[in-house]
Every structure is written in C-alpha cells, then in structure tokens.
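Coordinates as given in protein02.cif (mmCIF, C-alpha atoms):
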```
data_target
loop_
_atom_site.label_atom_id
_atom_site.label_comp_id
_atom_site.auth_asym_id
_atom_site.auth_seq_id
_atom_site.Cartn_x
_atom_site.Cartn_y
_atom_site.Cartn_z
CA MET Y 1 0.00 0.00 0.00
CA THR Y 2 1.35 3.40 -0.92
CA THR Y 3 1.04 6.51 1.16
CA THR Y 4 1.11 10.13 0.16
CA THR Y 5 2.23 13.13 2.11
CA PRO Y 6 -0.47 15.77 2.54
CA THR Y 7 0.44 18.88 0.58
CA HIS Y 8 -2.73 20.94 0.84
CA HIS Y 9 -1.01 23.51 3.07
CA ARG Y 10 1.49 24.36 0.32
CA THR Y 11 -0.70 24.07 -2.73
CA ASN Y 12 -0.64 26.65 -5.51
CA SER Y 13 -3.75 25.22 -7.14
CA LYS Y 14 -6.12 27.65 -8.79
CA TYR Y 15 -9.01 25.71 -7.26
CA LEU Y 16 -9.87 27.13 -3.86
CA PRO Y 17 -12.04 25.56 -1.16
CA LYS Y 18 -15.48 27.06 -0.64
CA ASP Y 19 -14.52 28.13 2.87
CA TRP Y 20 -11.25 29.78 1.81
CA LEU Y 21 -12.20 32.95 3.72
CA GLY Y 22 -11.95 31.02 6.95
CA PRO Y 23 -14.55 29.35 9.18
CA GLY Y 24 -17.74 31.38 9.46
CA LEU Y 25 -16.53 34.28 7.27
CA GLU Y 26 -18.14 33.25 3.97
CA PRO Y 27 -21.72 34.62 3.70
CA GLN Y 28 -24.22 31.77 3.67
CA THR Y 29 -27.19 33.33 1.82
CA LYS Y 30 -27.63 35.37 -1.37
CA ALA Y 31 -28.92 38.33 0.64
CA ALA Y 32 -25.91 38.20 2.96
CA LYS Y 33 -23.53 37.94 0.01
CA LYS Y 34 -25.18 40.96 -1.63
CA VAL Y 35 -24.78 43.04 1.54
CA VAL Y 36 -21.14 41.96 1.92
CA THR Y 37 -20.45 42.80 -1.73
CA ILE Y 38 -21.94 46.29 -1.37
CA VAL Y 39 -19.97 46.95 1.83
CA ILE Y 40 -16.71 45.78 0.21
CA CYS Y 41 -17.28 47.99 -2.87
CA VAL Y 42 -18.05 51.03 -0.70
CA LEU Y 43 -14.93 50.42 1.40
CA TRP Y 44 -12.89 49.99 -1.80
CA TYR Y 45 -14.09 53.36 -3.08
CA ALA Y 46 -13.34 55.06 0.25
CA CYS Y 47 -9.84 53.54 0.56
CA ASN Y 48 -8.91 54.19 -3.06
CA ILE Y 49 -9.87 57.86 -3.04
CA SER Y 50 -8.40 58.39 0.45
CA VAL Y 51 -5.01 56.95 -0.54
CA VAL Y 52 -4.75 59.18 -3.63
CA LEU Y 53 -5.78 62.32 -1.72
CA LEU Y 54 -3.51 61.56 1.25
CA ASN Y 55 -0.58 60.93 -1.08
CA LYS Y 56 -1.20 64.34 -2.64
CA ALA Y 57 -1.53 66.01 0.76
CA LEU Y 58 1.67 64.43 2.11
CA LEU Y 59 3.69 65.35 -0.97
CA THR Y 60 2.45 68.94 -1.21
CA THR Y 61 0.60 70.31 1.81
CA PHE Y 62 2.93 68.69 4.36
CA GLU Y 63 6.04 69.40 2.27
CA PHE Y 64 6.99 65.70 2.43
CA LYS Y 65 8.78 65.83 -0.91
CA LYS Y 66 10.10 62.28 -0.74
CA PRO Y 67 7.99 60.07 -3.06
CA VAL Y 68 10.46 57.17 -2.86
CA ILE Y 69 10.45 57.21 0.96
CA LEU Y 70 6.64 57.41 0.89
CA THR Y 71 6.51 54.35 -1.36
CA LEU Y 72 9.01 52.61 0.95
CA CYS Y 73 6.68 53.27 3.90
CA HIS Y 74 3.79 51.77 1.92
CA MET Y 75 5.71 48.64 0.98
CA LEU Y 76 7.09 48.15 4.49
CA THR Y 77 3.56 48.35 5.88
CA CYS Y 78 2.33 45.92 3.21
CA SER Y 79 5.10 43.47 4.12
CA ILE Y 80 4.19 43.49 7.81
CA LEU Y 81 0.41 43.45 7.43
CA SER Y 82 0.48 40.85 4.63
CA TYR Y 83 2.28 38.43 6.92
CA PHE Y 84 -0.15 38.93 9.81
CA VAL Y 85 -3.22 38.74 7.54
CA SER Y 86 -1.89 35.47 6.08
CA LEU Y 87 -1.90 34.04 9.60
CA THR Y 88 -5.65 34.73 9.88
CA LYS Y 89 -6.32 32.60 6.76
CA ILE Y 90 -8.49 35.32 5.21
CA PHE Y 91 -6.95 34.22 1.92
CA PRO Y 92 -5.38 30.84 1.11
CA ARG Y 93 -1.62 30.83 1.66
CA GLN Y 94 0.58 29.89 -1.30
CA TYR Y 95 4.32 29.36 -1.23
CA VAL Y 96 7.26 30.10 -3.52
CA GLN Y 97 8.16 26.74 -5.06
CA THR Y 98 11.37 27.36 -7.04
CA ARG Y 99 14.23 29.82 -7.39
CA SER Y 100 12.94 30.65 -10.88
CA GLN Y 101 9.60 31.67 -9.42
CA LEU Y 102 11.36 33.86 -6.84
CA VAL Y 103 13.32 35.64 -9.59
CA LYS Y 104 10.07 36.28 -11.48
CA ILE Y 105 8.41 37.70 -8.37
CA CYS Y 106 11.39 40.03 -7.77
CA THR Y 107 11.21 41.18 -11.40
CA LEU Y 108 7.53 41.97 -10.97
CA ALA Y 109 8.34 43.79 -7.74
CA GLY Y 110 10.74 46.05 -9.65
CA VAL Y 111 8.08 47.01 -12.18
CA PHE Y 112 5.47 47.36 -9.43
CA VAL Y 113 7.72 49.70 -7.44
CA THR Y 114 8.51 51.78 -10.51
CA SER Y 115 4.81 52.30 -11.25
CA ILE Y 116 4.06 53.41 -7.68
CA VAL Y 117 7.10 55.69 -7.38
CA LEU Y 118 6.36 57.41 -10.70
CA GLY Y 119 2.72 57.83 -9.69
CA ASN Y 120 3.74 59.42 -6.38
CA VAL Y 121 6.34 61.61 -8.11
CA SER Y 122 3.70 62.90 -10.52
CA LEU Y 123 1.48 63.99 -7.60
CA ARG Y 124 4.18 66.48 -6.59
CA TYR Y 125 3.76 68.34 -9.85
CA ILE Y 126 0.25 67.77 -11.23
CA PRO Y 127 -3.23 67.79 -9.63
CA VAL Y 128 -4.99 64.59 -8.64
CA SER Y 129 -7.68 65.27 -11.26
CA PHE Y 130 -5.12 65.28 -14.09
CA ASN Y 131 -3.31 62.28 -12.56
CA GLN Y 132 -6.55 60.27 -12.53
CA ALA Y 133 -7.37 61.27 -16.09
CA ILE Y 134 -4.01 59.95 -17.33
CA GLY Y 135 -4.46 56.81 -15.24
CA ALA Y 136 -7.62 56.03 -17.22
CA THR Y 137 -5.35 55.05 -20.14
CA THR Y 138 -4.10 51.94 -18.28
CA PRO Y 139 -6.32 49.61 -20.41
CA PHE Y 140 -4.80 51.14 -23.55
CA PHE Y 141 -1.23 50.38 -22.45
CA THR Y 142 -2.24 46.92 -21.23
CA ALA Y 143 -3.84 46.04 -24.58
CA MET Y 144 -0.89 47.35 -26.60
CA LEU Y 145 1.72 45.59 -24.43
CA ALA Y 146 -0.24 42.32 -24.49
CA ALA Y 147 -0.19 42.44 -28.29
CA LEU Y 148 3.57 43.20 -28.41
CA ILE Y 149 4.78 40.86 -25.66
CA GLN Y 150 2.25 38.02 -25.64
CA ALA Y 151 1.01 38.32 -29.23
CA LYS Y 152 -2.42 38.39 -27.59
CA PHE Y 153 -4.88 40.38 -29.66
CA GLU Y 154 -8.29 41.66 -28.63
CA SER Y 155 -11.29 42.15 -30.88
CA ARG Y 156 -11.43 45.10 -33.24
CA VAL Y 157 -14.25 46.61 -31.18
CA THR Y 158 -12.01 46.61 -28.10
CA TYR Y 159 -9.27 48.54 -29.85
CA ILE Y 160 -11.76 50.99 -31.34
CA SER Y 161 -13.21 51.62 -27.87
CA LEU Y 162 -9.74 52.64 -26.63
CA ILE Y 163 -9.45 55.45 -29.19
CA PRO Y 164 -11.85 57.85 -27.36
CA VAL Y 165 -9.81 57.31 -24.16
CA VAL Y 166 -6.57 58.38 -25.83
CA VAL Y 167 -8.23 61.28 -27.68
CA GLY Y 168 -9.83 62.41 -24.42
CA ILE Y 169 -6.46 62.51 -22.65
CA ILE Y 170 -4.96 64.53 -25.53
CA ILE Y 171 -7.82 67.03 -25.19
CA THR Y 172 -7.46 67.09 -21.39
CA THR Y 173 -3.69 67.64 -21.62
CA GLY Y 174 -4.15 70.56 -24.00
CA GLY Y 175 -6.64 72.18 -21.62
CA GLU Y 176 -4.88 71.47 -18.31
CA PRO Y 177 -3.98 74.81 -16.65
CA SER Y 178 -1.66 73.12 -14.12
CA PHE Y 179 0.25 71.13 -16.74
CA HIS Y 180 3.81 70.23 -15.74
CA THR Y 181 5.98 68.37 -18.26
CA PHE Y 182 7.94 66.27 -15.75
CA GLY Y 183 4.83 65.44 -13.73
CA PHE Y 184 2.98 64.47 -16.91
CA LEU Y 185 5.80 62.21 -18.10
CA ALA Y 186 6.12 60.61 -14.65
CA CYS Y 187 2.38 59.86 -14.59
CA VAL Y 188 2.42 58.41 -18.11
CA GLY Y 189 5.45 56.31 -17.14
CA GLY Y 190 3.68 55.03 -14.03
CA THR Y 191 0.56 54.19 -16.05
CA PHE Y 192 2.69 52.37 -18.63
CA CYS Y 193 4.36 50.35 -15.85
CA ARG Y 194 0.98 49.35 -14.41
CA GLY Y 195 0.03 47.90 -17.78
CA LEU Y 196 3.45 46.26 -18.10
CA LYS Y 197 3.11 44.69 -14.65
CA SER Y 198 -0.24 43.13 -15.59
CA VAL Y 199 1.20 41.64 -18.79
CA MET Y 200 4.41 40.48 -17.09
CA GLN Y 201 2.40 38.81 -14.35
CA ALA Y 202 0.48 36.85 -16.97
CA VAL Y 203 3.70 35.86 -18.76
CA LEU Y 204 6.05 35.17 -15.85
CA LEU Y 205 3.57 33.34 -13.62
CA SER Y 206 1.61 31.55 -16.32
CA SER Y 207 2.26 27.90 -15.40
CA GLU Y 208 -0.16 26.15 -13.07
CA ASN Y 209 2.58 25.59 -10.46
CA GLU Y 210 3.55 29.27 -10.39
CA LYS Y 211 0.16 30.97 -10.43
CA MET Y 212 -0.54 33.09 -7.37
CA SER Y 213 -3.47 35.11 -6.11
CA SER Y 214 -2.94 38.87 -5.96
CA MET Y 215 -2.69 38.87 -2.16
CA ASN Y 216 -0.04 36.14 -2.07
CA LEU Y 217 1.84 37.93 -4.82
CA LEU Y 218 1.68 41.16 -2.80
CA MET Y 219 2.94 39.33 0.30
CA TYR Y 220 6.06 38.13 -1.56
CA MET Y 221 6.58 41.22 -3.72
CA SER Y 222 6.45 43.67 -0.80
CA PRO Y 223 9.71 42.56 0.93
CA ALA Y 224 11.48 42.51 -2.46
CA ALA Y 225 10.11 46.00 -3.14
CA VAL Y 226 11.39 47.20 0.25
CA VAL Y 227 14.93 46.03 -0.59
CA ILE Y 228 14.81 47.74 -4.00
CA LEU Y 229 13.43 50.97 -2.53
CA ILE Y 230 16.11 51.13 0.17
CA PHE Y 231 18.81 51.25 -2.50
CA VAL Y 232 16.85 53.70 -4.68
CA ALA Y 233 16.17 56.00 -1.72
CA ALA Y 234 19.85 55.95 -0.73
CA VAL Y 235 20.74 57.25 -4.20
CA VAL Y 236 17.97 59.72 -5.09
CA GLU Y 237 16.79 60.76 -1.59
CA PRO Y 238 19.88 60.41 0.64
CA THR Y 239 18.43 62.73 3.30
CA GLY Y 240 14.98 61.13 3.11
CA VAL Y 241 15.15 59.18 6.38
CA TYR Y 242 16.43 62.20 8.33
CA ASP Y 243 13.81 64.51 6.82
CA THR Y 244 11.07 61.98 7.55
CA LEU Y 245 12.16 61.61 11.17
CA GLU Y 246 12.04 65.40 11.55
CA LEU Y 247 8.50 65.53 10.16
CA LEU Y 248 7.44 62.64 12.41
CA LYS Y 249 7.96 64.94 15.40
CA SER Y 250 4.56 66.35 14.44
CA PRO Y 251 1.84 64.03 15.84
CA PHE Y 252 -0.57 65.08 13.10
CA PHE Y 253 1.89 64.24 10.31
CA CYS Y 254 2.68 60.95 12.03
CA PHE Y 255 -1.01 60.06 12.13
CA ILE Y 256 -1.60 61.02 8.48
CA LEU Y 257 1.41 58.98 7.29
CA TRP Y 258 0.35 55.98 9.38
CA ALA Y 259 -3.23 56.19 8.11
CA ASN Y 260 -2.00 56.53 4.53
CA CYS Y 261 0.18 53.41 4.80
CA VAL Y 262 -2.54 51.29 6.43
CA LEU Y 263 -5.11 52.42 3.85
CA ALA Y 264 -2.67 51.56 1.05
CA TYR Y 265 -2.54 47.99 2.31
CA CYS Y 266 -6.30 47.83 2.90
CA LEU Y 267 -6.78 48.92 -0.70
CA ASN Y 268 -4.73 45.94 -1.92
CA LEU Y 269 -6.75 43.60 0.27
CA LEU Y 270 -10.02 45.11 -0.98
CA ASN Y 271 -8.86 44.77 -4.60
CA PHE Y 272 -8.67 41.05 -3.96
CA LEU Y 273 -12.05 40.89 -2.22
CA VAL Y 274 -13.84 42.96 -4.88
CA THR Y 275 -12.55 40.57 -7.55
CA ARG Y 276 -13.59 37.60 -5.40
CA TYR Y 277 -17.15 38.80 -4.83
CA THR Y 278 -17.74 40.34 -8.27
CA SER Y 279 -15.26 40.00 -11.14
CA ALA Y 280 -12.08 41.48 -12.56
CA LEU Y 281 -14.21 43.44 -15.06
CA THR Y 282 -16.25 44.97 -12.24
CA LEU Y 283 -13.01 46.07 -10.59
CA GLN Y 284 -11.99 47.89 -13.79
CA VAL Y 285 -15.42 49.56 -14.05
CA LEU Y 286 -15.23 50.67 -10.42
CA GLY Y 287 -11.74 52.00 -11.13
CA ASN Y 288 -13.00 54.23 -13.93
CA GLY Y 289 -15.79 55.54 -11.69
CA LYS Y 290 -13.31 56.09 -8.87
CA GLY Y 291 -11.18 58.29 -11.10
CA VAL Y 292 -14.10 60.63 -11.77
CA VAL Y 293 -15.03 60.85 -8.06
CA ALA Y 294 -11.39 61.32 -6.98
CA ALA Y 295 -10.93 64.09 -9.55
CA GLY Y 296 -14.05 65.89 -8.31
CA VAL Y 297 -13.08 65.58 -4.64
CA SER Y 298 -9.54 66.73 -5.43
CA ILE Y 299 -10.80 69.87 -7.17
CA ALA Y 300 -13.05 70.62 -4.19
CA ILE Y 301 -10.26 70.13 -1.60
CA PHE Y 302 -7.11 71.39 -3.33
CA ARG Y 303 -8.89 74.02 -5.45
CA ASN Y 304 -6.77 73.27 -8.50
CA PRO Y 305 -8.01 75.17 -11.57
CA VAL Y 306 -9.81 73.32 -14.37
CA THR Y 307 -10.99 74.30 -17.81
CA VAL Y 308 -14.02 73.29 -19.86
CA GLN Y 309 -11.70 71.66 -22.41
CA GLY Y 310 -10.01 69.62 -19.69
CA MET Y 311 -13.34 68.46 -18.26
CA LEU Y 312 -14.68 67.50 -21.70
CA GLY Y 313 -11.53 65.54 -22.48
CA TYR Y 314 -11.76 63.59 -19.20
CA PHE Y 315 -15.44 62.73 -19.44
#
```
Hey, can you dump this file as structure tokens for me?
Amino acid sequence: MTTTTPTHHRTNSKYLPKDWLGPGLEPQTKAAKKVVTIVICVLWYACNISVVLLNKALLTTFEFKKPVILTLCHMLTCSILSYFVSLTKIFPRQYVQTRSQLVKICTLAGVFVTSIVLGNVSLRYIPVSFNQAIGATTPFFTAMLAALIQAKFESRVTYISLIPVVVGIIITTGGEPSFHTFGFLACVGGTFCRGLKSVMQAVLLSSENEKMSSMNLLMYMSPAAVVILIFVAAVVEPTGVYDTLELLKSPFFCFILWANCVLAYCLNLLNFLVTRYTSALTLQVLGNGKGVVAAGVSIAIFRNPVTVQGMLGYF
C-alpha cells in the first residue's frame, strides 16, 4: 500500500475551497452575500480615493517631498500586514516553489515599485484630477503591451473603444492649466508600468505551479520592493530618512502617514475581495468611476483650476 504526504497547506492550485475565507466568514445566503459585496465595494471606493488624496496632501501640503520614501513606507507596511493577515487565513496561503519563481516575483516587484514611485512623483507636480485622467489610459497600455509581448490580440471593437480614451487625454492635456511636463511624463510612465506589470504577471507566472493570487503575490513582492526601494532612496533621496524623522515629530503628520500606509494595504486587500465577490471586469469599471469621483473631490479640496476643455476631455 502506498502513502502520500499531505500537501494541501502548500498548494498553488487555482481551485480554492469554498470556505477559503476562513470558518464562518463566507456569507451563507444570497442576501448576505449581496450586503457583503456592497460593503466591500463602498470600502474599496473610500480607501482608493483616500489613498490618492492623502498621497497628494503628504507630498504637497505637508512638504513631504520624498515620493520614494513614501513608497518605501507603503511597501514596508504591506510586508508586515500581509504576513499577519496570512496568519488569519483570510486568503489561502501559497508558497514560492522554485528559485525561478522567486526571480520572477522580484522582477515583478521592480516594475510594481517603478509604477508606484512614478505615480507618487507625478502627484508632486500635477493635480490629482489630471493624474486620474491619465491613469484612465491603463487599459490602452495593457492592450498594446499584451499584443507586443504576448502576441495576444483583442477584438477590433475593443481597440476601437480605446481610441476615445486616448483622444480624451490629448484634449485634457491641452486644456490642463496646471500642466507640468515632468509630472505628466512621470504619470504616463507610471501608467505604462501598471500595464506592463499586468502583462508580465500573466507571462512570468503563467504555469499552473507558479500561479498566485494577488494577495499572495503582494505578500512576496512587498519585501522585495522594500529592498529595492532602500537602495533607490539611498541614491535619489539620501536625506529622506532624516527629513522623515524630523516631520514625524509632528503628531498630526505621524497620524496622516500611518493612516495613509494602512489604507494603502487595505486597498490591496479590498482589490482582492472585490474581484472575489464580483469579477475582474467589475473592478476595472469601479476604477473608472473612482477616477471621476477622486478628480471631483480633489478639485473641491485642493482648489486646482480646471478648464471646460479639460473636463470635456476627461469625461
């Protein structure tokens, strides 16, 4: 008689148990699931908009002009909280199986970090409303990169539907009164890297043994991102740690930075839950709606000027 060693604790299978959220956490009725879904979507909206606005406030209002250090704080918080959340079994734990898989995760971490740093850098120079408008082109970059890298082509209708997005951004850029060349290029670069990260994730972790959920991927990418950011910060923001420690003497700044970092992690967790309870498409639709709301709230709070041309291009 042969025996097998249980491996369910280290599985990377795409098939998840029905109770993967942990005992008693999965809603049992359709009505309960609907309520949970609505609550998760509302929390996702609140966290997403809050993170963007707090990033802008920290980088401008509080004179915390250290986007790399800010990103380092986010990733350090994600590393710590990801580990503790994994212990609660809110999401099924997966493990790195091979050195090749580890290298791929570190590569993704590099692209992930670049997208976040460039996004934070852009917020120093351009308003949130313009930043969100440019971010709406992420599907365009994703589709183009998928065609170039994966030779994966969408339907003609899909490509045609992307044209108004690009044209709208061109119109918005021409009518943006707070346009800043470096901020614009940083934001476009960050948006490009977000699309590249999505395509690279599909390519590098495509085998059944290497597939990971977004939360497991975040848990392993975050420490790698922290290491990368430490070296980047040492080069481009050598006084960043000292300046941050000086600002942390203010209790209010300390609270805002802490809240910003925790919300950044919660947003990643909610991204996973929104996809789980709805679909990846719903997440993209919510993202487009979030951009409009965030832009409106930003204009109301930061009072950045807008033009009719810019508004028409965005909408």
Which distance in Å separates CA of Tyr83 in chain Y and CA of Glu210 in chain Y, to one decimal?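 So the two atoms, CA of Tyr83 in chain Y and CA of Glu210 in chain Y, lie 19.6 Å apart.
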What does the PyMOL selection byres ((chain Y and resi 130-138) around 7) select in this file, as a list in words?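 For this structure, the PyMOL selection byres ((chain Y and resi 130-138) around 7) resolves to Ile126, Pro127, Val128, Ser129, Pro139, Phe140, Phe141, Thr142, Val165, Val166, Ile169, Cys187, Val188, Thr191, Phe192, Arg194, Gly195, Asn288, Gly291, Ala295 and Tyr314 of chain Y.
The gap separating CA of Leu270 in chain Y from CA of Glu154 in chain Y is 27.9 Å, in Å to one decimal.
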To verify the selection step, state as a ChimeraX atom specification which residues the PyMOL selection byres ((chain Y and resi 86) around 12) yields on this input. /Y:20-22,78-85,87-95,215-220,269
For this structure, which residues satisfy the selection - the PyMOL selection byres ((chain Y and resi 243) around 12) - when it is evaluated on the file as given? I want them as number ranges by chain. Y: 62-66, 69-70, 237-242, 244-249
Separation of CA of Val103 in chain Y and CA of Leu273 in chain Y, in Å?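 So the two atoms, CA of Val103 in chain Y and CA of Leu273 in chain Y, lie 26.9 Å apart.
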Exercise: range 42-44 of chain Y partners within 10 Å, only C-alpha atoms, chain neighbours under 2 positions left out, as a PyMOL selection string: chain Y and resi 36-40+46-50+263+266-271+273-274+283+286-287+290
Please return as number ranges by chain every residue within 12 Å of (10.4, 55.2, -5.3), taking into account only C-alpha atoms and the file's own coordinates. Y: 65-75, 109-122, 186, 190, 225-237, 240
